[in-house]
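Okay, data27.tsv is below, TSV, C-alpha atoms (C1' of nucleotides):
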```
chain	number	residue	atom	x	y	z
I	1	MET	CA	-4.25	37.88	-11.60
I	2	LYS	CA	-3.65	41.60	-11.39
I	3	LYS	CA	-3.95	41.80	-15.14
I	4	THR	CA	-7.26	39.98	-15.04
I	5	VAL	CA	-8.72	42.36	-12.49
I	6	LEU	CA	-7.41	45.31	-14.44
I	7	ILE	CA	-9.02	44.17	-17.67
I	8	TYR	CA	-12.25	43.52	-15.86
I	9	GLY	CA	-12.23	46.99	-14.36
I	10	LEU	CA	-11.49	48.56	-17.71
I	11	ALA	CA	-14.32	46.71	-19.40
I	12	LEU	CA	-16.70	47.81	-16.70
I	13	ALA	CA	-15.59	51.41	-16.93
I	14	LEU	CA	-15.76	51.34	-20.70
I	15	LEU	CA	-19.32	50.13	-20.69
I	16	VAL	CA	-20.42	52.81	-18.27
I	17	PHE	CA	-18.66	55.41	-20.27
I	18	LEU	CA	-20.17	54.29	-23.54
I	19	LEU	CA	-23.63	54.20	-22.11
I	20	GLU	CA	-23.21	57.67	-20.79
I	21	TYR	CA	-21.67	58.93	-23.99
I	22	PHE	CA	-24.43	57.64	-26.26
I	23	GLU	CA	-27.15	58.74	-23.94
I	24	TYR	CA	-28.33	55.34	-23.01
I	25	ARG	CA	-31.86	56.61	-22.48
I	26	PHE	CA	-32.07	56.55	-26.24
I	27	PHE	CA	-31.47	52.84	-26.27
I	28	ILE	CA	-34.08	52.23	-23.71
I	29	ARG	CA	-36.71	53.78	-25.85
I	30	GLU	CA	-35.63	51.67	-28.78
I	31	MET	CA	-35.54	48.32	-27.06
I	32	SER	CA	-37.64	46.81	-24.36
I	33	SER	CA	-36.45	47.04	-20.80
I	34	GLU	CA	-36.12	43.26	-20.59
I	35	LEU	CA	-33.78	43.20	-23.52
I	36	PHE	CA	-31.65	45.93	-22.06
I	37	VAL	CA	-31.24	44.14	-18.78
I	38	PHE	CA	-30.62	40.95	-20.67
I	39	ILE	CA	-27.74	42.32	-22.61
I	40	ILE	CA	-26.06	43.81	-19.57
I	41	ALA	CA	-26.61	40.58	-17.68
I	42	LEU	CA	-25.23	38.36	-20.41
I	43	THR	CA	-22.24	40.57	-20.96
I	44	PHE	CA	-21.24	40.51	-17.36
I	45	THR	CA	-22.03	36.89	-16.89
I	46	GLY	CA	-19.56	36.29	-19.65
I	47	LEU	CA	-17.04	38.56	-18.00
I	48	GLY	CA	-17.60	36.77	-14.69
I	49	LEU	CA	-17.05	33.42	-16.35
I	50	TRP	CA	-13.91	34.65	-17.99
I	51	VAL	CA	-12.54	36.10	-14.76
I	52	GLY	CA	-13.43	32.94	-12.93
I	53	LYS	CA	-11.61	30.84	-15.49
I	54	LYS	CA	-8.51	32.98	-15.25
I	55	LEU	CA	-8.50	32.82	-11.50
I	56	THR	CA	-9.08	29.09	-11.20
I	57	ASN	CA	-6.59	28.27	-13.92
I	58	GLN	CA	-3.90	29.96	-11.95
I	59	THR	CA	-4.64	28.16	-8.74
I	60	LYS	CA	-5.52	24.79	-10.16
I	61	ILE	CA	-2.71	24.04	-12.56
I	62	GLU	CA	-0.27	24.25	-9.71
I	63	SER	CA	0.45	21.32	-7.44
I	64	PRO	CA	-2.63	19.47	-6.29
I	65	PRO	CA	-2.19	19.98	-2.57
I	66	PHE	CA	-2.71	16.95	-0.42
I	67	GLU	CA	-5.36	17.35	2.18
I	68	GLN	CA	-5.71	14.63	4.68
I	69	ASN	CA	-9.13	13.17	5.22
I	70	GLU	CA	-9.33	13.77	8.93
I	71	LYS	CA	-12.97	12.88	9.08
I	72	ALA	CA	-12.22	9.39	7.85
I	73	ILE	CA	-9.38	9.07	10.32
I	74	ARG	CA	-11.65	10.01	13.15
I	75	TYR	CA	-14.47	7.85	11.90
I	76	LEU	CA	-12.17	4.84	11.67
I	77	LYS	CA	-10.79	5.68	15.10
I	78	ILE	CA	-7.22	5.54	13.90
I	79	SER	CA	-4.84	6.89	16.53
I	80	GLU	CA	-1.86	9.19	16.04
I	81	ARG	CA	0.64	6.44	16.57
I	82	GLU	CA	-1.13	4.10	14.24
I	83	LEU	CA	-1.08	6.75	11.55
I	84	GLU	CA	2.65	7.20	12.03
I	85	VAL	CA	3.20	3.50	11.54
I	86	LEU	CA	0.94	3.53	8.50
I	87	GLU	CA	2.98	6.27	6.89
I	88	LEU	CA	6.20	4.39	7.41
I	89	VAL	CA	4.69	1.21	6.04
I	90	ALA	CA	3.68	3.19	2.98
I	91	GLU	CA	7.31	4.16	2.54
I	92	GLY	CA	8.17	0.50	2.28
I	93	LEU	CA	9.88	0.09	5.63
I	94	SER	CA	9.95	-3.24	7.41
I	95	ASN	CA	8.51	-3.66	10.88
I	96	LYS	CA	12.00	-3.66	12.24
I	97	GLN	CA	12.92	-0.42	10.54
I	98	ILE	CA	9.70	1.20	11.69
I	99	SER	CA	10.38	0.11	15.26
I	100	GLU	CA	13.82	1.67	15.15
I	101	LYS	CA	12.48	4.92	13.81
I	102	LEU	CA	9.83	5.16	16.49
I	103	PHE	CA	12.03	3.84	19.30
I	104	VAL	CA	9.69	1.01	20.21
I	105	SER	CA	9.91	-2.76	20.06
I	106	VAL	CA	8.92	-4.74	17.01
I	107	ASN	CA	6.07	-6.16	19.01
I	108	THR	CA	4.60	-2.73	19.53
I	109	THR	CA	4.78	-1.99	15.84
I	110	LYS	CA	3.06	-5.25	15.12
I	111	THR	CA	0.31	-4.46	17.57
I	112	HIS	CA	-0.30	-1.10	15.95
I	113	LEU	CA	-0.40	-2.76	12.57
I	114	SER	CA	-2.86	-5.39	13.73
I	115	HIS	CA	-5.19	-2.66	14.93
I	116	LEU	CA	-4.79	-0.86	11.64
I	117	TYR	CA	-5.65	-3.96	9.65
I	118	GLU	CA	-8.81	-4.39	11.71
I	119	LYS	CA	-9.87	-0.80	11.31
I	120	LEU	CA	-9.11	-0.70	7.61
I	121	GLU	CA	-10.57	-4.15	7.12
I	122	VAL	CA	-7.58	-5.54	5.29
I	123	LYS	CA	-5.25	-8.49	5.68
I	124	ARG	CA	-1.90	-7.27	4.44
I	125	ARG	CA	0.28	-4.18	4.68
I	126	THR	CA	0.12	-3.64	0.94
I	127	GLN	CA	-3.65	-3.55	1.06
I	128	ALA	CA	-3.53	-1.23	4.04
I	129	VAL	CA	-1.39	1.21	2.09
I	130	GLU	CA	-3.66	0.98	-0.93
I	131	LYS	CA	-6.79	1.61	1.11
I	132	ALA	CA	-5.19	4.37	3.16
I	133	LYS	CA	-4.17	6.17	0.00
I	134	SER	CA	-7.54	5.82	-1.61
I	135	LEU	CA	-9.17	7.17	1.54
I	136	LYS	CA	-6.62	9.98	1.63
I	137	LEU	CA	-5.51	9.01	5.08
I	138	ILE	CA	-1.94	9.33	3.83
I	139	GLU	CA	-0.23	10.96	0.90
M	1	MET	CA	-24.66	21.12	-14.04
M	2	LYS	CA	-28.32	21.21	-15.06
M	3	LYS	CA	-29.14	22.57	-11.64
M	4	THR	CA	-26.57	25.31	-12.01
M	5	VAL	CA	-27.95	26.44	-15.33
M	6	LEU	CA	-31.46	26.29	-13.97
M	7	ILE	CA	-30.62	28.47	-11.00
M	8	TYR	CA	-28.85	30.92	-13.23
M	9	GLY	CA	-31.83	31.14	-15.53
M	10	LEU	CA	-34.19	31.63	-12.63
M	11	ALA	CA	-32.07	34.42	-11.16
M	12	LEU	CA	-32.00	36.15	-14.50
M	13	ALA	CA	-35.73	35.82	-15.01
M	14	LEU	CA	-36.41	36.97	-11.49
M	15	LEU	CA	-34.39	40.13	-11.92
M	16	VAL	CA	-36.10	41.01	-15.16
M	17	PHE	CA	-39.45	40.35	-13.61
M	18	LEU	CA	-38.72	42.47	-10.56
M	19	LEU	CA	-37.48	45.35	-12.62
M	20	GLU	CA	-40.57	45.23	-14.70
M	21	TYR	CA	-42.86	44.89	-11.76
M	22	PHE	CA	-41.47	47.85	-9.85
M	23	GLU	CA	-41.30	50.03	-12.89
M	24	TYR	CA	-37.59	50.28	-13.03
M	25	ARG	CA	-37.73	53.70	-14.64
M	26	PHE	CA	-38.50	54.94	-11.17
M	27	PHE	CA	-35.18	53.65	-9.94
M	28	ILE	CA	-33.33	55.24	-12.73
M	29	ARG	CA	-34.55	58.63	-11.81
M	30	GLU	CA	-33.50	58.09	-8.24
M	31	MET	CA	-30.00	56.85	-8.91
M	32	SER	CA	-27.44	57.79	-11.45
M	33	SER	CA	-27.17	55.78	-14.63
M	34	GLU	CA	-23.67	54.68	-13.73
M	35	LEU	CA	-24.83	53.25	-10.46
M	36	PHE	CA	-27.62	51.34	-12.12
M	37	VAL	CA	-25.37	49.76	-14.65
M	38	PHE	CA	-22.87	49.08	-11.93
M	39	ILE	CA	-25.32	47.12	-9.83
M	40	ILE	CA	-26.48	44.99	-12.72
M	41	ALA	CA	-22.92	44.40	-13.80
M	42	LEU	CA	-21.71	43.40	-10.38
M	43	THR	CA	-24.67	41.14	-9.80
M	44	PHE	CA	-24.10	39.24	-12.99
M	45	THR	CA	-20.38	39.16	-12.64
M	46	GLY	CA	-20.99	37.43	-9.36
M	47	LEU	CA	-23.42	35.05	-11.02
M	48	GLY	CA	-20.91	34.40	-13.77
M	49	LEU	CA	-18.18	33.66	-11.27
M	50	TRP	CA	-20.46	31.33	-9.38
M	51	VAL	CA	-21.55	29.50	-12.53
M	52	GLY	CA	-17.94	29.27	-13.63
M	53	LYS	CA	-16.90	27.80	-10.33
M	54	LYS	CA	-19.64	25.21	-10.49
M	55	LEU	CA	-18.75	24.22	-14.01
M	56	THR	CA	-15.00	24.03	-13.52
M	57	ASN	CA	-15.36	22.10	-10.31
M	58	GLN	CA	-17.24	19.49	-12.21
M	59	THR	CA	-14.85	19.26	-15.08
M	60	LYS	CA	-11.59	19.58	-13.19
M	61	ILE	CA	-12.12	16.97	-10.52
M	62	GLU	CA	-11.99	14.43	-13.32
M	63	SER	CA	-9.13	11.99	-13.66
M	64	PRO	CA	-5.71	13.10	-14.74
M	65	PRO	CA	-5.07	10.45	-17.39
M	66	PHE	CA	-2.36	7.98	-16.52
M	67	GLU	CA	0.35	7.52	-19.05
M	68	GLN	CA	2.78	4.72	-18.52
M	69	ASN	CA	6.47	5.47	-18.62
M	70	GLU	CA	7.42	2.93	-21.24
M	71	LYS	CA	10.89	4.30	-21.62
M	72	ALA	CA	11.68	3.53	-18.01
M	73	ILE	CA	10.22	0.06	-18.39
M	74	ARG	CA	12.43	-0.63	-21.35
M	75	TYR	CA	15.44	0.93	-19.72
M	76	LEU	CA	15.02	-1.20	-16.64
M	77	LYS	CA	14.47	-4.25	-18.85
M	78	ILE	CA	11.26	-5.17	-17.09
M	79	SER	CA	9.41	-7.87	-18.98
M	80	GLU	CA	5.70	-8.10	-19.69
M	81	ARG	CA	5.16	-10.83	-17.19
M	82	GLU	CA	7.08	-9.04	-14.51
M	83	LEU	CA	4.95	-5.96	-15.04
M	84	GLU	CA	1.82	-8.03	-14.65
M	85	VAL	CA	3.05	-9.37	-11.36
M	86	LEU	CA	3.98	-5.88	-10.26
M	87	GLU	CA	0.51	-4.60	-10.95
M	88	LEU	CA	-1.07	-7.35	-8.94
M	89	VAL	CA	1.33	-6.77	-6.07
M	90	ALA	CA	0.30	-3.13	-6.16
M	91	GLU	CA	-3.30	-4.22	-5.73
M	92	GLY	CA	-2.33	-5.87	-2.49
M	93	LEU	CA	-2.55	-9.47	-3.65
M	94	SER	CA	-0.49	-12.19	-2.01
M	95	ASN	CA	1.95	-14.30	-3.98
M	96	LYS	CA	-0.54	-17.12	-3.85
M	97	GLN	CA	-3.37	-15.02	-5.23
M	98	ILE	CA	-1.14	-13.66	-7.96
M	99	SER	CA	-0.10	-17.17	-8.92
M	100	GLU	CA	-3.71	-18.24	-9.20
M	101	LYS	CA	-4.61	-15.27	-11.35
M	102	LEU	CA	-1.74	-15.92	-13.72
M	103	PHE	CA	-2.08	-19.72	-13.68
M	104	VAL	CA	1.49	-20.31	-12.56
M	105	SER	CA	3.09	-21.74	-9.47
M	106	VAL	CA	3.98	-19.66	-6.46
M	107	ASN	CA	7.62	-20.32	-7.22
M	108	THR	CA	7.30	-18.65	-10.59
M	109	THR	CA	5.73	-15.62	-9.04
M	110	LYS	CA	8.52	-15.44	-6.53
M	111	THR	CA	11.10	-15.66	-9.28
M	112	HIS	CA	9.48	-12.81	-11.17
M	113	LEU	CA	9.40	-10.79	-8.00
M	114	SER	CA	13.06	-11.45	-7.27
M	115	HIS	CA	13.97	-10.18	-10.68
M	116	LEU	CA	11.80	-7.14	-10.16
M	117	TYR	CA	13.46	-6.35	-6.86
M	118	GLU	CA	16.83	-6.51	-8.52
M	119	LYS	CA	15.82	-4.27	-11.39
M	120	LEU	CA	14.08	-1.77	-9.17
M	121	GLU	CA	16.84	-2.01	-6.61
M	122	VAL	CA	14.55	-2.65	-3.69
M	123	LYS	CA	14.18	-5.29	-1.02
M	124	ARG	CA	10.48	-5.53	-0.37
M	125	ARG	CA	7.22	-5.60	-2.31
M	126	THR	CA	6.03	-2.42	-0.65
M	127	GLN	CA	9.11	-0.57	-1.80
M	128	ALA	CA	8.73	-2.02	-5.26
M	129	VAL	CA	5.20	-0.65	-5.47
M	130	GLU	CA	6.32	2.72	-4.20
M	131	LYS	CA	9.14	2.97	-6.70
M	132	ALA	CA	7.06	1.67	-9.57
M	133	LYS	CA	4.42	4.27	-8.89
M	134	SER	CA	6.89	7.09	-8.61
M	135	LEU	CA	8.46	6.00	-11.90
M	136	LYS	CA	5.00	5.74	-13.43
M	137	LEU	CA	5.58	2.13	-14.33
M	138	ILE	CA	2.16	1.41	-12.92
M	139	GLU	CA	-0.89	3.45	-12.02
A	1	DA	C1'	19.22	-24.32	-36.74
A	2	DT	C1'	21.20	-21.92	-33.01
A	3	DC	C1'	21.46	-18.66	-29.36
A	4	DA	C1'	19.71	-15.60	-25.84
A	5	DA	C1'	16.23	-13.95	-23.18
A	6	DA	C1'	12.11	-14.91	-20.91
A	7	DA	C1'	9.07	-17.94	-18.53
A	8	DT	C1'	8.36	-21.75	-16.05
A	9	DC	C1'	9.05	-24.77	-11.94
A	10	DA	C1'	11.46	-27.03	-7.98
A	11	DT	C1'	13.82	-27.59	-3.52
A	12	DA	C1'	15.70	-25.83	0.50
A	13	DC	C1'	16.48	-22.34	3.74
A	14	DT	C1'	15.97	-17.72	6.28
A	15	DT	C1'	13.48	-13.77	7.42
A	16	DT	C1'	9.48	-11.21	7.95
A	17	DC	C1'	4.57	-10.88	8.73
A	18	DG	C1'	0.42	-11.50	10.95
A	19	DG	C1'	-2.82	-13.63	14.48
A	20	DG	C1'	-3.89	-14.63	19.16
A	21	DT	C1'	-3.55	-13.73	23.91
A	22	DG	C1'	-2.43	-11.29	27.84
A	23	DA	C1'	-0.14	-7.84	30.68
A	24	DT	C1'	1.45	-3.14	32.23
A	25	DT	C1'	1.60	1.75	32.14
A	26	DC	C1'	-0.17	6.35	30.90
A	27	DT	C1'	-3.50	9.79	29.97
A	28	DC	C1'	-7.73	11.88	29.62
A	29	DT	C1'	-12.39	12.34	30.87
A	30	DA	C1'	-16.86	11.69	33.23
T	1	DT	C1'	-11.00	8.72	41.34
T	2	DA	C1'	-12.60	5.15	38.46
T	3	DG	C1'	-12.75	3.62	33.91
T	4	DA	C1'	-11.84	3.71	28.96
T	5	DG	C1'	-8.72	4.06	25.39
T	6	DA	C1'	-4.04	4.31	23.88
T	7	DA	C1'	0.62	2.80	23.94
T	8	DT	C1'	3.80	-0.24	25.28
T	9	DC	C1'	5.83	-5.02	25.37
T	10	DA	C1'	6.17	-10.25	25.43
T	11	DC	C1'	5.68	-15.03	23.68
T	12	DC	C1'	4.17	-18.34	20.51
T	13	DC	C1'	2.97	-20.24	16.19
T	14	DG	C1'	1.94	-20.69	11.48
T	15	DA	C1'	1.82	-18.40	7.05
T	16	DA	C1'	3.83	-15.57	3.72
T	17	DA	C1'	7.70	-13.49	1.71
T	18	DG	C1'	12.23	-13.46	0.09
T	19	DT	C1'	17.03	-15.72	-1.22
T	20	DA	C1'	19.84	-18.95	-3.58
T	21	DT	C1'	20.63	-22.25	-6.95
T	22	DG	C1'	19.64	-24.96	-10.70
T	23	DA	C1'	16.86	-26.91	-14.34
T	24	DT	C1'	13.58	-27.15	-18.38
T	25	DT	C1'	10.76	-25.14	-21.89
T	26	DT	C1'	9.19	-21.29	-25.04
T	27	DT	C1'	9.92	-17.94	-28.08
T	28	DG	C1'	11.90	-14.62	-31.08
T	29	DA	C1'	15.70	-13.09	-33.78
T	30	DT	C1'	19.73	-13.98	-36.54
```
Could you spell out this file's structure in structure tokens?
Amino acid sequence: MKKTVLIYGLALALLVFLLEYFEYRFFIREMSSELFVFIIALTFTGLGLWVGKKLTNQTKIESPPFEQNEKAIRYLKISERELEVLELVAEGLSNKQISEKLFVSVNTTKTHLSHLYEKLEVKRRTQAVEKAKSLKLIE
Amino acid sequence: MKKTVLIYGLALALLVFLLEYFEYRFFIREMSSELFVFIIALTFTGLGLWVGKKLTNQTKIESPPFEQNEKAIRYLKISERELEVLELVAEGLSNKQISEKLFVSVNTTKTHLSHLYEKLEVKRRTQAVEKAKSLKLIE
DNA sequence: ATCAAAATCATACTTTCGGGTGATTCTCTA
DNA sequence: TAGAGAATCACCCGAAAGTATGATTTTGAT
């Protein structure tokens, strides 16, 4: 990162220096103004591309961070509690285990699940997990 | 992609045109040569970065290719048929649906599943799917 | 040809899920 | 403060899932 910026700065400085040194007015007389601008433009487009590649490579190779699709959650009108249940289902817990974790009765868990199935338009918990993951509702 | 290149081309053409139109020699007299080069360079570095971002975003979002962990499958002694069942379970199918797809009885499917649960050391289909995915047995 | 593993199926039984219905309490907002 | 939505719980019933045990058939390797 720092290295990339440094190299970029050096390249920039070098170009300016060279132009100055060789009296760039001389070049201008030799080539058309369009060509001159073109060369500068292409050079620095290349540099920009290169810098961009360096920068993105360093941020993208890392872990692909999970970002929850909150829009979808809102759109599907899935409540906080329902989402909690969904996450636990995705971990493979049984209704009973989920109920114990959340300190509610099994019936409550079942109700939440029923609502989830409706909203996700599925029939089974496995399908719910699949859909929820594909919609990025859960990790 | 095409759009990106098009916009880049247009920006380039526009700049050249403007410089020509306003007799850019006039500018040069007003500002130092370093400054002139600087502005061009910065402009096209920015363009390069932008183009780079567009391009990488389109190539990087692609799919990270799935490669099955065959070693683990062999180590766990999971048979072909069992793996098939596992994949269908992961798609959210019921035992009945799986049985129909594989042209076997529900009992057979259940037997395969029992064996899978043993080998994966889990109790439920949801956990089996979770574990199988984390072990890269299935996609 | 024999042996072992895998695949198939069955029967019986228990547990878990899921659907349907209805009720109560809480909380937030118009 | 009235009303809507969320969370809680209960009861019932049928369907699906999972367990246990045992049996037969296929298949591949020795």
Define the interface residues of chain A facing chain I as those within 12 Å, counting only C-alpha atoms (C1' of nucleotides), and report them as a compact mmCIF listing (two decimals) with C-alpha atoms (C1' of nucleotides), in the frame of the given file.
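Just written: part_31.txt:
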```txt
# COMPACT_ATOMS: atom_id res chain seq x y z
C1' DT A 15 13.48 -13.77 7.42
C1' DT A 16 9.48 -11.21 7.95
C1' DC A 17 4.57 -10.88 8.73
C1' DG A 18 0.42 -11.50 10.95
C1' DG A 19 -2.82 -13.63 14.48
C1' DG A 20 -3.89 -14.63 19.16
C1' DT A 21 -3.55 -13.73 23.91
```
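You will find CA of Glu82 in chain I at 19.6 Å from C1' of DT24 in chain A.
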Using all atoms listed in the file and a cut-off of 12 Å, which residues of chain T sit close to chain M? Please list them as a ChimeraX atom specification.
/T:15-21
Those residues you just picked out, can you put them in a file as a PDB file, in the coordinates of the input with C-alpha atoms (C1' of nucleotides)?
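Result file is part_17.pdb:
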```pdb
ATOM      1  C1'  DA T  15       1.820 -18.400   7.050  1.00  0.00           C
ATOM      2  C1'  DA T  16       3.830 -15.570   3.720  1.00  0.00           C
ATOM      3  C1'  DA T  17       7.700 -13.490   1.710  1.00  0.00           C
ATOM      4  C1'  DG T  18      12.230 -13.460   0.090  1.00  0.00           C
ATOM      5  C1'  DT T  19      17.030 -15.720  -1.220  1.00  0.00           C
ATOM      6  C1'  DA T  20      19.840 -18.950  -3.580  1.00  0.00           C
ATOM      7  C1'  DT T  21      20.630 -22.250  -6.950  1.00  0.00           C
TER       8       DT T  21
END
```
May I ask for the distance between C1' of DG5 in chain T and CA of Glu121 in chain I, given in Å to one decimal place?
20.1 Å
Exercise on range 3-14 of chain T, axis-aligned box with 4 Å per side, report centre and edge lengths in Å to one decimal, as lines of an AutoDock Vina configuration file:
```
center_x = -3.3
center_y = -8.2
center_z = 22.7
size_x = 26.9
size_y = 33.0
size_z = 30.4
```
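The residue that comes closest to chain I, out of M:Ile78, M:Leu102, M:Leu120, M:Val129 and on the basis of all atoms listed in the file, is M:Val129.
If you look at CA of Lys71 in chain M and CA of Glu139 in chain M, they are 15.2 Å away from each other.
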Please determine the residues with any atom at most 8 Å from (16.5, -23.6, -13.0) (coordinates as given in the file, with all atoms listed in the file counting) and report them as a VMD selection string.
(chain A and resid 9 to 10) or (chain T and resid 21 to 24)
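The nearest approach to chain M among the residues I:Leu116, I:Leu86, I:Leu76, I:Leu42, with all atoms listed in the file taken into account, belongs to I:Leu42.
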